[in-house]
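Raw contents of my_file_6.cif, mmCIF, N, CA and C atoms:
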```
data_target
loop_
_atom_site.group_PDB
_atom_site.id
_atom_site.type_symbol
_atom_site.label_atom_id
_atom_site.label_comp_id
_atom_site.auth_asym_id
_atom_site.auth_seq_id
_atom_site.Cartn_x
_atom_site.Cartn_y
_atom_site.Cartn_z
ATOM 1 N N MET A 1 104.951 -71.970 137.233
ATOM 2 C CA MET A 1 104.515 -70.984 138.190
ATOM 3 C C MET A 1 104.071 -71.701 139.466
ATOM 4 N N THR A 2 104.548 -71.245 140.582
ATOM 5 C CA THR A 2 104.235 -71.921 141.831
ATOM 6 C C THR A 2 103.018 -71.277 142.495
ATOM 7 N N LEU A 3 102.451 -72.008 143.436
ATOM 8 C CA LEU A 3 101.292 -71.505 144.166
ATOM 9 C C LEU A 3 101.660 -70.257 144.972
ATOM 10 N N GLN A 4 102.842 -70.250 145.545
ATOM 11 C CA GLN A 4 103.255 -69.105 146.350
ATOM 12 C C GLN A 4 103.348 -67.832 145.513
ATOM 13 N N LEU A 5 103.848 -67.949 144.304
ATOM 14 C CA LEU A 5 103.965 -66.786 143.432
ATOM 15 C C LEU A 5 102.587 -66.245 143.050
ATOM 16 N N VAL A 6 101.677 -67.135 142.738
ATOM 17 C CA VAL A 6 100.325 -66.706 142.364
ATOM 18 C C VAL A 6 99.631 -66.055 143.556
ATOM 19 N N LEU A 7 99.799 -66.626 144.749
ATOM 20 C CA LEU A 7 99.192 -66.034 145.934
ATOM 21 C C LEU A 7 99.830 -64.687 146.274
ATOM 22 N N LEU A 8 101.105 -64.530 145.987
ATOM 23 C CA LEU A 8 101.767 -63.244 146.197
ATOM 24 C C LEU A 8 101.195 -62.183 145.253
ATOM 25 N N VAL A 9 100.976 -62.547 144.013
ATOM 26 C CA VAL A 9 100.368 -61.614 143.053
ATOM 27 C C VAL A 9 98.941 -61.276 143.484
ATOM 28 N N ALA A 10 98.198 -62.273 143.959
ATOM 29 C CA ALA A 10 96.830 -62.036 144.423
ATOM 30 C C ALA A 10 96.827 -61.101 145.631
ATOM 31 N N ALA A 11 97.765 -61.286 146.546
ATOM 32 C CA ALA A 11 97.857 -60.397 147.709
ATOM 33 C C ALA A 11 98.240 -58.983 147.290
ATOM 34 N N ALA A 12 99.106 -58.852 146.296
ATOM 35 C CA ALA A 12 99.474 -57.527 145.803
ATOM 36 C C ALA A 12 98.271 -56.839 145.155
ATOM 37 N N LEU A 13 97.497 -57.573 144.372
ATOM 38 C CA LEU A 13 96.279 -57.013 143.785
ATOM 39 C C LEU A 13 95.324 -56.537 144.868
ATOM 40 N N PHE A 14 95.135 -57.356 145.886
ATOM 41 C CA PHE A 14 94.231 -57.002 146.974
ATOM 42 C C PHE A 14 94.731 -55.758 147.707
ATOM 43 N N ALA A 15 96.035 -55.690 147.965
ATOM 44 C CA ALA A 15 96.596 -54.549 148.690
ATOM 45 C C ALA A 15 96.456 -53.257 147.897
ATOM 46 N N VAL A 16 96.736 -53.309 146.601
ATOM 47 C CA VAL A 16 96.593 -52.109 145.762
ATOM 48 C C VAL A 16 95.126 -51.688 145.696
ATOM 49 N N GLY A 17 94.226 -52.651 145.584
ATOM 50 C CA GLY A 17 92.800 -52.335 145.568
ATOM 51 C C GLY A 17 92.319 -51.749 146.881
ATOM 52 N N LEU A 18 92.816 -52.274 147.999
ATOM 53 C CA LEU A 18 92.438 -51.746 149.303
ATOM 54 C C LEU A 18 92.921 -50.306 149.467
ATOM 55 N N TYR A 19 94.139 -50.049 149.061
ATOM 56 C CA TYR A 19 94.655 -48.679 149.118
ATOM 57 C C TYR A 19 93.826 -47.749 148.231
ATOM 58 N N GLY A 20 93.493 -48.214 147.039
ATOM 59 C CA GLY A 20 92.702 -47.386 146.129
ATOM 60 C C GLY A 20 91.298 -47.130 146.640
ATOM 61 N N ALA A 21 90.688 -48.119 147.283
ATOM 62 C CA ALA A 21 89.326 -47.946 147.786
ATOM 63 C C ALA A 21 89.287 -47.048 149.012
ATOM 64 N N ILE A 22 90.325 -47.104 149.838
ATOM 65 C CA ILE A 22 90.325 -46.304 151.056
ATOM 66 C C ILE A 22 90.769 -44.867 150.794
ATOM 67 N N SER A 23 91.721 -44.674 149.918
ATOM 68 C CA SER A 23 92.323 -43.352 149.762
ATOM 69 C C SER A 23 91.562 -42.422 148.822
ATOM 70 N N GLN A 24 90.670 -42.923 148.015
ATOM 71 C CA GLN A 24 89.993 -42.095 147.027
ATOM 72 C C GLN A 24 88.616 -41.667 147.499
ATOM 73 N N GLN A 25 88.131 -40.547 146.964
ATOM 74 C CA GLN A 25 86.781 -40.087 147.243
ATOM 75 C C GLN A 25 85.915 -40.051 145.980
ATOM 76 N N VAL A 26 86.514 -40.279 144.849
ATOM 77 C CA VAL A 26 85.752 -40.325 143.603
ATOM 78 C C VAL A 26 85.118 -41.712 143.489
ATOM 79 N N VAL A 27 83.836 -41.746 143.168
ATOM 80 C CA VAL A 27 83.082 -42.994 143.171
ATOM 81 C C VAL A 27 83.694 -44.022 142.228
ATOM 82 N N VAL A 28 84.081 -43.606 141.055
ATOM 83 C CA VAL A 28 84.631 -44.540 140.065
ATOM 84 C C VAL A 28 85.947 -45.139 140.554
ATOM 85 N N MET A 29 86.782 -44.339 141.196
ATOM 86 C CA MET A 29 88.056 -44.848 141.702
ATOM 87 C C MET A 29 87.843 -45.837 142.852
ATOM 88 N N VAL A 30 86.872 -45.569 143.712
ATOM 89 C CA VAL A 30 86.554 -46.502 144.792
ATOM 90 C C VAL A 30 86.073 -47.827 144.205
ATOM 91 N N MET A 31 85.234 -47.747 143.172
ATOM 92 C CA MET A 31 84.741 -48.974 142.540
ATOM 93 C C MET A 31 85.872 -49.738 141.865
ATOM 94 N N MET A 32 86.827 -49.031 141.283
ATOM 95 C CA MET A 32 87.973 -49.714 140.676
ATOM 96 C C MET A 32 88.819 -50.401 141.738
ATOM 97 N N GLY A 33 88.980 -49.769 142.893
ATOM 98 C CA GLY A 33 89.706 -50.395 143.989
ATOM 99 C C GLY A 33 89.010 -51.649 144.491
ATOM 100 N N ILE A 34 87.692 -51.587 144.614
ATOM 101 C CA ILE A 34 86.927 -52.764 145.045
ATOM 102 C C ILE A 34 87.043 -53.870 144.015
ATOM 103 N N GLU A 35 87.010 -53.509 142.749
ATOM 104 C CA GLU A 35 87.153 -54.519 141.689
ATOM 105 C C GLU A 35 88.527 -55.181 141.747
ATOM 106 N N LEU A 36 89.571 -54.418 142.009
ATOM 107 C CA LEU A 36 90.899 -55.018 142.158
ATOM 108 C C LEU A 36 90.956 -55.967 143.346
ATOM 109 N N MET A 37 90.305 -55.599 144.437
ATOM 110 C CA MET A 37 90.278 -56.479 145.598
ATOM 111 C C MET A 37 89.564 -57.786 145.285
ATOM 112 N N VAL A 38 88.448 -57.700 144.607
ATOM 113 C CA VAL A 38 87.705 -58.908 144.246
ATOM 114 C C VAL A 38 88.514 -59.767 143.277
ATOM 115 N N ASN A 39 89.211 -59.128 142.342
ATOM 116 C CA ASN A 39 90.039 -59.892 141.412
ATOM 117 C C ASN A 39 91.187 -60.595 142.131
ATOM 118 N N GLY A 40 91.756 -59.967 143.153
ATOM 119 C CA GLY A 40 92.789 -60.627 143.948
ATOM 120 C C GLY A 40 92.261 -61.856 144.659
ATOM 121 N N VAL A 41 91.072 -61.745 145.236
ATOM 122 C CA VAL A 41 90.462 -62.892 145.908
ATOM 123 C C VAL A 41 90.139 -64.000 144.904
ATOM 124 N N LEU A 42 89.615 -63.617 143.750
ATOM 125 C CA LEU A 42 89.293 -64.622 142.731
ATOM 126 C C LEU A 42 90.550 -65.317 142.204
ATOM 127 N N LEU A 43 91.627 -64.572 142.036
ATOM 128 C CA LEU A 43 92.882 -65.178 141.594
ATOM 129 C C LEU A 43 93.409 -66.157 142.634
ATOM 130 N N ALA A 44 93.326 -65.797 143.904
ATOM 131 C CA ALA A 44 93.768 -66.708 144.968
ATOM 132 C C ALA A 44 92.899 -67.954 145.013
ATOM 133 N N ALA A 45 91.593 -67.786 144.866
ATOM 134 C CA ALA A 45 90.695 -68.947 144.874
ATOM 135 C C ALA A 45 90.956 -69.855 143.680
ATOM 136 N N ALA A 46 91.161 -69.273 142.511
ATOM 137 C CA ALA A 46 91.439 -70.086 141.326
ATOM 138 C C ALA A 46 92.752 -70.836 141.469
ATOM 139 N N ALA A 47 93.764 -70.182 142.017
ATOM 140 C CA ALA A 47 95.055 -70.857 142.205
ATOM 141 C C ALA A 47 94.944 -71.996 143.201
ATOM 142 N N LEU A 48 94.233 -71.759 144.290
ATOM 143 C CA LEU A 48 94.062 -72.833 145.282
ATOM 144 C C LEU A 48 93.285 -74.006 144.690
ATOM 145 N N TRP A 49 92.218 -73.711 143.959
ATOM 146 C CA TRP A 49 91.454 -74.791 143.344
ATOM 147 C C TRP A 49 92.295 -75.554 142.326
ATOM 148 N N TYR A 50 93.099 -74.848 141.572
ATOM 149 C CA TYR A 50 93.914 -75.511 140.561
ATOM 150 C C TYR A 50 94.969 -76.411 141.200
ATOM 151 N N TYR A 51 95.595 -75.925 142.264
ATOM 152 C CA TYR A 51 96.667 -76.705 142.866
ATOM 153 C C TYR A 51 96.158 -77.790 143.805
ATOM 154 N N LEU A 52 94.982 -77.629 144.397
ATOM 155 C CA LEU A 52 94.460 -78.651 145.302
ATOM 156 C C LEU A 52 93.680 -79.730 144.567
ATOM 157 N N ALA A 53 92.855 -79.346 143.630
ATOM 158 C CA ALA A 53 92.039 -80.305 142.876
ATOM 159 C C ALA A 53 91.864 -79.779 141.459
ATOM 160 N N PRO A 54 92.718 -80.200 140.541
ATOM 161 C CA PRO A 54 92.662 -79.624 139.186
ATOM 162 C C PRO A 54 91.507 -80.161 138.334
ATOM 163 N N VAL A 55 90.301 -80.101 138.875
ATOM 164 C CA VAL A 55 89.115 -80.436 138.088
ATOM 165 C C VAL A 55 88.478 -79.132 137.631
ATOM 166 N N VAL A 56 87.578 -79.226 136.713
ATOM 167 C CA VAL A 56 87.035 -78.039 136.072
ATOM 168 C C VAL A 56 85.910 -77.393 136.883
ATOM 169 N N ASP A 57 85.375 -78.064 137.877
ATOM 170 C CA ASP A 57 84.222 -77.540 138.606
ATOM 171 C C ASP A 57 84.515 -76.191 139.273
ATOM 172 N N GLY A 58 85.655 -76.065 139.921
ATOM 173 C CA GLY A 58 86.003 -74.821 140.594
ATOM 174 C C GLY A 58 86.189 -73.665 139.628
ATOM 175 N N GLN A 59 86.807 -73.945 138.493
ATOM 176 C CA GLN A 59 87.028 -72.882 137.524
ATOM 177 C C GLN A 59 85.711 -72.404 136.915
ATOM 178 N N VAL A 60 84.757 -73.299 136.737
ATOM 179 C CA VAL A 60 83.451 -72.901 136.204
ATOM 180 C C VAL A 60 82.736 -72.002 137.206
ATOM 181 N N LEU A 61 82.820 -72.339 138.486
ATOM 182 C CA LEU A 61 82.219 -71.488 139.510
ATOM 183 C C LEU A 61 82.857 -70.107 139.515
ATOM 184 N N LEU A 62 84.164 -70.039 139.338
ATOM 185 C CA LEU A 62 84.838 -68.739 139.284
ATOM 186 C C LEU A 62 84.404 -67.931 138.067
ATOM 187 N N LEU A 63 84.185 -68.584 136.947
ATOM 188 C CA LEU A 63 83.687 -67.865 135.763
ATOM 189 C C LEU A 63 82.295 -67.286 136.014
ATOM 190 N N VAL A 64 81.457 -68.016 136.726
ATOM 191 C CA VAL A 64 80.126 -67.509 137.068
ATOM 192 C C VAL A 64 80.253 -66.297 137.990
ATOM 193 N N VAL A 65 81.159 -66.362 138.960
ATOM 194 C CA VAL A 65 81.362 -65.237 139.877
ATOM 195 C C VAL A 65 81.909 -64.026 139.130
ATOM 196 N N ILE A 66 82.839 -64.233 138.222
ATOM 197 C CA ILE A 66 83.389 -63.124 137.432
ATOM 198 C C ILE A 66 82.296 -62.489 136.574
ATOM 199 N N THR A 67 81.418 -63.289 136.012
ATOM 200 C CA THR A 67 80.310 -62.756 135.221
ATOM 201 C C THR A 67 79.368 -61.937 136.092
ATOM 202 N N ALA A 68 79.061 -62.436 137.282
ATOM 203 C CA ALA A 68 78.197 -61.686 138.196
ATOM 204 C C ALA A 68 78.857 -60.377 138.616
ATOM 205 N N MET A 69 80.165 -60.388 138.847
ATOM 206 C CA MET A 69 80.868 -59.172 139.217
ATOM 207 C C MET A 69 80.879 -58.157 138.073
ATOM 208 N N THR A 70 80.954 -58.631 136.849
ATOM 209 C CA THR A 70 80.915 -57.730 135.702
ATOM 210 C C THR A 70 79.575 -57.014 135.624
ATOM 211 N N VAL A 71 78.509 -57.743 135.830
ATOM 212 C CA VAL A 71 77.175 -57.136 135.817
ATOM 213 C C VAL A 71 77.031 -56.156 136.980
ATOM 214 N N GLU A 72 77.556 -56.527 138.144
ATOM 215 C CA GLU A 72 77.479 -55.653 139.308
ATOM 216 C C GLU A 72 78.252 -54.363 139.076
ATOM 217 N N MET A 73 79.426 -54.444 138.489
ATOM 218 C CA MET A 73 80.209 -53.243 138.224
ATOM 219 C C MET A 73 79.532 -52.368 137.171
ATOM 220 N N ALA A 74 78.890 -52.964 136.188
ATOM 221 C CA ALA A 74 78.163 -52.168 135.197
ATOM 222 C C ALA A 74 77.016 -51.402 135.864
ATOM 223 N N MET A 75 76.324 -52.044 136.794
ATOM 224 C CA MET A 75 75.250 -51.359 137.521
ATOM 225 C C MET A 75 75.824 -50.252 138.412
ATOM 226 N N GLY A 76 76.965 -50.506 139.015
ATOM 227 C CA GLY A 76 77.602 -49.485 139.842
ATOM 228 C C GLY A 76 78.017 -48.271 139.036
ATOM 229 N N PHE A 77 78.555 -48.502 137.846
ATOM 230 C CA PHE A 77 78.922 -47.377 136.988
ATOM 231 C C PHE A 77 77.680 -46.615 136.526
ATOM 232 N N ALA A 78 76.572 -47.323 136.333
ATOM 233 C CA ALA A 78 75.328 -46.637 135.975
ATOM 234 C C ALA A 78 74.862 -45.739 137.120
ATOM 235 N N VAL A 79 74.965 -46.224 138.353
ATOM 236 C CA VAL A 79 74.591 -45.406 139.508
ATOM 237 C C VAL A 79 75.533 -44.210 139.633
ATOM 238 N N ALA A 80 76.825 -44.430 139.416
ATOM 239 C CA ALA A 80 77.786 -43.323 139.483
ATOM 240 C C ALA A 80 77.481 -42.283 138.411
ATOM 241 N N THR A 81 77.084 -42.718 137.231
ATOM 242 C CA THR A 81 76.717 -41.787 136.164
ATOM 243 C C THR A 81 75.471 -41.000 136.536
ATOM 244 N N LEU A 82 74.492 -41.660 137.142
ATOM 245 C CA LEU A 82 73.280 -40.957 137.554
ATOM 246 C C LEU A 82 73.565 -39.935 138.656
ATOM 247 N N ILE A 83 74.443 -40.283 139.593
ATOM 248 C CA ILE A 83 74.827 -39.323 140.637
ATOM 249 C C ILE A 83 75.509 -38.120 140.005
ATOM 250 N N HIS A 84 76.370 -38.372 139.044
ATOM 251 C CA HIS A 84 77.073 -37.269 138.386
ATOM 252 C C HIS A 84 76.105 -36.369 137.624
ATOM 253 N N ARG A 85 75.143 -36.970 136.960
ATOM 254 C CA ARG A 85 74.185 -36.161 136.201
ATOM 255 C C ARG A 85 73.243 -35.386 137.119
ATOM 256 N N ALA A 86 72.831 -36.002 138.234
ATOM 257 C CA ALA A 86 71.863 -35.344 139.113
ATOM 258 C C ALA A 86 72.506 -34.247 139.956
ATOM 259 N N ARG A 87 73.710 -34.478 140.446
ATOM 260 C CA ARG A 87 74.334 -33.532 141.387
ATOM 261 C C ARG A 87 75.550 -32.819 140.801
ATOM 262 N N ASN A 88 75.943 -33.165 139.604
ATOM 263 C CA ASN A 88 77.114 -32.590 138.932
ATOM 264 C C ASN A 88 78.377 -32.745 139.780
ATOM 265 N N SER A 89 78.479 -33.881 140.440
ATOM 266 C CA SER A 89 79.641 -34.185 141.263
ATOM 267 C C SER A 89 79.834 -35.695 141.266
ATOM 268 N N ASP A 90 81.078 -36.123 141.444
ATOM 269 C CA ASP A 90 81.343 -37.561 141.462
ATOM 270 C C ASP A 90 82.025 -37.989 142.758
ATOM 271 N N MET A 91 81.805 -37.264 143.832
ATOM 272 C CA MET A 91 82.424 -37.574 145.112
ATOM 273 C C MET A 91 81.528 -38.511 145.924
ATOM 274 N N THR A 92 82.137 -39.327 146.759
ATOM 275 C CA THR A 92 81.366 -40.287 147.558
ATOM 276 C C THR A 92 80.523 -39.587 148.616
ATOM 277 N N ASP A 93 80.916 -38.412 149.069
ATOM 278 C CA ASP A 93 80.131 -37.695 150.058
ATOM 279 C C ASP A 93 78.774 -37.284 149.518
ATOM 280 N N ASP A 94 78.684 -37.050 148.226
ATOM 281 C CA ASP A 94 77.418 -36.666 147.619
ATOM 282 C C ASP A 94 76.479 -37.851 147.411
ATOM 283 N N ALA A 95 76.971 -39.062 147.585
ATOM 284 C CA ALA A 95 76.137 -40.247 147.369
ATOM 285 C C ALA A 95 75.492 -40.740 148.654
ATOM 286 N N THR A 96 75.670 -40.025 149.761
ATOM 287 C CA THR A 96 75.123 -40.500 151.037
ATOM 288 C C THR A 96 73.624 -40.237 151.155
ATOM 289 N N GLU A 97 73.112 -39.278 150.421
ATOM 290 C CA GLU A 97 71.699 -38.926 150.508
ATOM 291 C C GLU A 97 70.986 -39.262 149.206
ATOM 292 N N LEU A 98 70.861 -40.530 148.916
ATOM 293 C CA LEU A 98 70.247 -40.956 147.657
ATOM 294 C C LEU A 98 68.768 -41.294 147.869
ATOM 295 N N ARG A 99 67.982 -40.300 148.068
ATOM 296 C CA ARG A 99 66.550 -40.513 148.181
ATOM 297 C C ARG A 99 65.885 -40.065 146.894
ATOM 298 N N GLY A 100 64.753 -40.700 146.599
ATOM 299 C CA GLY A 100 64.031 -40.425 145.364
ATOM 300 C C GLY A 100 63.485 -39.082 145.319
#
```

Let me see whether you can do it: turn the structure in this file into structure tokens.
Amino acid sequence: MTLQLVLLVAAALFAVGLYGAISQQVVVMVMMGIELMVNGVLLAAAALWYYLAPVVDGQVLLLVVITAMTVEMAMGFAVATLIHRARNSDMTDDATELRG
């Protein structure tokens, strides 16, 4: 597998995620689009690190970032669930006024 092919796949992931984040109004779909965009960036970073310096340090940093993103997405889904329970809607327009 060449670097160009991996970067092409990463760009495709980013493009699909960008389209999904911009075109949707449902909170969960926007979060899925953002997650795809982040995964595209992480794939590009991992490929560059592997092809430029195939040491393990870069891959360990990427694993830490992926773990942090997993926790962040779990918190985002919790907020989306709370918005749905409080307002009985899952649209992004309803999340603009989140006061206690």

(Q) Taking only N, CA and C atoms into account, name the residue in A:Leu62, A:Leu3, A:Val16, A:Ala80 that is nearest to Ile34 in chain A. (A) A:Val16

On this structure, the PyMOL selection byres (((chain A and resi 17 and name CA) around 10) and name CA) would catch which residues? List them as a tab-separated table (two decimals) with N, CA and C atoms, in the coordinates of the input, sorted by chain and number.
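Just written: expr26.tsv:
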```
chain	number	residue	atom	x	y	z
A	11	ALA	N	97.76	-61.29	146.55
A	11	ALA	CA	97.86	-60.40	147.71
A	11	ALA	C	98.24	-58.98	147.29
A	12	ALA	N	99.11	-58.85	146.30
A	12	ALA	CA	99.47	-57.53	145.80
A	12	ALA	C	98.27	-56.84	145.16
A	13	LEU	N	97.50	-57.57	144.37
A	13	LEU	CA	96.28	-57.01	143.78
A	13	LEU	C	95.32	-56.54	144.87
A	14	PHE	N	95.14	-57.36	145.89
A	14	PHE	CA	94.23	-57.00	146.97
A	14	PHE	C	94.73	-55.76	147.71
A	15	ALA	N	96.04	-55.69	147.96
A	15	ALA	CA	96.60	-54.55	148.69
A	15	ALA	C	96.46	-53.26	147.90
A	16	VAL	N	96.74	-53.31	146.60
A	16	VAL	CA	96.59	-52.11	145.76
A	16	VAL	C	95.13	-51.69	145.70
A	18	LEU	N	92.82	-52.27	148.00
A	18	LEU	CA	92.44	-51.75	149.30
A	18	LEU	C	92.92	-50.31	149.47
A	19	TYR	N	94.14	-50.05	149.06
A	19	TYR	CA	94.66	-48.68	149.12
A	19	TYR	C	93.83	-47.75	148.23
A	20	GLY	N	93.49	-48.21	147.04
A	20	GLY	CA	92.70	-47.39	146.13
A	20	GLY	C	91.30	-47.13	146.64
A	21	ALA	N	90.69	-48.12	147.28
A	21	ALA	CA	89.33	-47.95	147.79
A	21	ALA	C	89.29	-47.05	149.01
A	22	ILE	N	90.32	-47.10	149.84
A	22	ILE	CA	90.32	-46.30	151.06
A	22	ILE	C	90.77	-44.87	150.79
A	23	SER	N	91.72	-44.67	149.92
A	23	SER	CA	92.32	-43.35	149.76
A	23	SER	C	91.56	-42.42	148.82
A	29	MET	N	86.78	-44.34	141.20
A	29	MET	CA	88.06	-44.85	141.70
A	29	MET	C	87.84	-45.84	142.85
A	30	VAL	N	86.87	-45.57	143.71
A	30	VAL	CA	86.55	-46.50	144.79
A	30	VAL	C	86.07	-47.83	144.21
A	31	MET	N	85.23	-47.75	143.17
A	31	MET	CA	84.74	-48.97	142.54
A	31	MET	C	85.87	-49.74	141.86
A	32	MET	N	86.83	-49.03	141.28
A	32	MET	CA	87.97	-49.71	140.68
A	32	MET	C	88.82	-50.40	141.74
A	33	GLY	N	88.98	-49.77	142.89
A	33	GLY	CA	89.71	-50.40	143.99
A	33	GLY	C	89.01	-51.65	144.49
A	34	ILE	N	87.69	-51.59	144.61
A	34	ILE	CA	86.93	-52.76	145.04
A	34	ILE	C	87.04	-53.87	144.01
A	35	GLU	N	87.01	-53.51	142.75
A	35	GLU	CA	87.15	-54.52	141.69
A	35	GLU	C	88.53	-55.18	141.75
A	36	LEU	N	89.57	-54.42	142.01
A	36	LEU	CA	90.90	-55.02	142.16
A	36	LEU	C	90.96	-55.97	143.35
A	37	MET	N	90.30	-55.60	144.44
A	37	MET	CA	90.28	-56.48	145.60
A	37	MET	C	89.56	-57.79	145.28
A	38	VAL	N	88.45	-57.70	144.61
A	38	VAL	CA	87.70	-58.91	144.25
A	38	VAL	C	88.51	-59.77	143.28
A	39	ASN	N	89.21	-59.13	142.34
A	39	ASN	CA	90.04	-59.89	141.41
A	39	ASN	C	91.19	-60.60	142.13
A	40	GLY	N	91.76	-59.97	143.15
A	40	GLY	CA	92.79	-60.63	143.95
A	40	GLY	C	92.26	-61.86	144.66
```

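Pairwise distance (atom C of Leu8 in chain A, atom C of Leu52 in chain A) equals 19.1 Å.
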
Write out as a PDB file with N, CA and C atoms, in the coordinates of the input which residues come within 8 Å of Ala45 in chain A when counting only N, CA and C atoms, dropping same-chain ones fewer than 6 positions away.
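Just written: part_16.pdb:
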```
ATOM      1  N   LEU A   7      99.799 -66.626 144.749  1.00  0.00           N
ATOM      2  CA  LEU A   7      99.192 -66.034 145.934  1.00  0.00           C
ATOM      3  C   LEU A   7      99.830 -64.687 146.274  1.00  0.00           C
ATOM      4  N   ALA A  10      98.198 -62.273 143.959  1.00  0.00           N
ATOM      5  CA  ALA A  10      96.830 -62.036 144.423  1.00  0.00           C
ATOM      6  C   ALA A  10      96.827 -61.101 145.631  1.00  0.00           C
ATOM      7  N   ASN A  39      89.211 -59.128 142.342  1.00  0.00           N
ATOM      8  CA  ASN A  39      90.039 -59.892 141.412  1.00  0.00           C
ATOM      9  C   ASN A  39      91.187 -60.595 142.131  1.00  0.00           C
ATOM     10  N   TYR A  51      95.595 -75.925 142.264  1.00  0.00           N
ATOM     11  CA  TYR A  51      96.667 -76.705 142.866  1.00  0.00           C
ATOM     12  C   TYR A  51      96.158 -77.790 143.805  1.00  0.00           C
ATOM     13  N   GLY A  58      85.655 -76.065 139.921  1.00  0.00           N
ATOM     14  CA  GLY A  58      86.003 -74.821 140.594  1.00  0.00           C
ATOM     15  C   GLY A  58      86.189 -73.665 139.628  1.00  0.00           C
ATOM     16  N   GLN A  59      86.807 -73.945 138.493  1.00  0.00           N
ATOM     17  CA  GLN A  59      87.028 -72.882 137.524  1.00  0.00           C
ATOM     18  C   GLN A  59      85.711 -72.404 136.915  1.00  0.00           C
ATOM     19  N   LEU A  62      84.164 -70.039 139.338  1.00  0.00           N
ATOM     20  CA  LEU A  62      84.838 -68.739 139.284  1.00  0.00           C
ATOM     21  C   LEU A  62      84.404 -67.931 138.067  1.00  0.00           C
TER      22      LEU A  62
END
```

Q) So what do you get for CA of Thr81 in chain A versus atom N of Ile66 in chain A, distance-wise? A) 23.4 Å

Q) What separation in Å, quoted to one decimal, exists between CA of Val9 in chain A and CA of Leu63 in chain A? A) 19.2 Å

Q) What's the 5 Å shell around Met91 in chain A, counting all atoms listed in the file, without same-chain residues fewer than 5 positions away, as a list in words? A)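 Final neighbour list, sorted by chain and number: Gln25, Val26 and Val27 of chain A.
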
**Q.** Those of chain A in DSSP helix (DSSP H, G or I), formatted as an MDAnalysis selection string
**A.** chainID A and resid 3:23 27:52 56:87 92:95

Padding 5 Å on each side, edges along x, y and z: where is the centre of the box around the listed atoms of range 74-89 of chain A, and how long are its edges in Å to one decimal? Output it as JSON.
```
{"center_x": 75.8, "center_y": -42.8, "center_z": 138.3, "size_x": 18.0, "size_y": 30.4, "size_z": 16.2}
```

Q) Pick from A:Met73, A:Leu61, A:Ala86, A:Ala78: nearest to Trp49 in chain A, with only C-alpha atoms counted? A)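 Counting only C-alpha atoms, the residue closest to Trp49 in chain A is A:Leu61.
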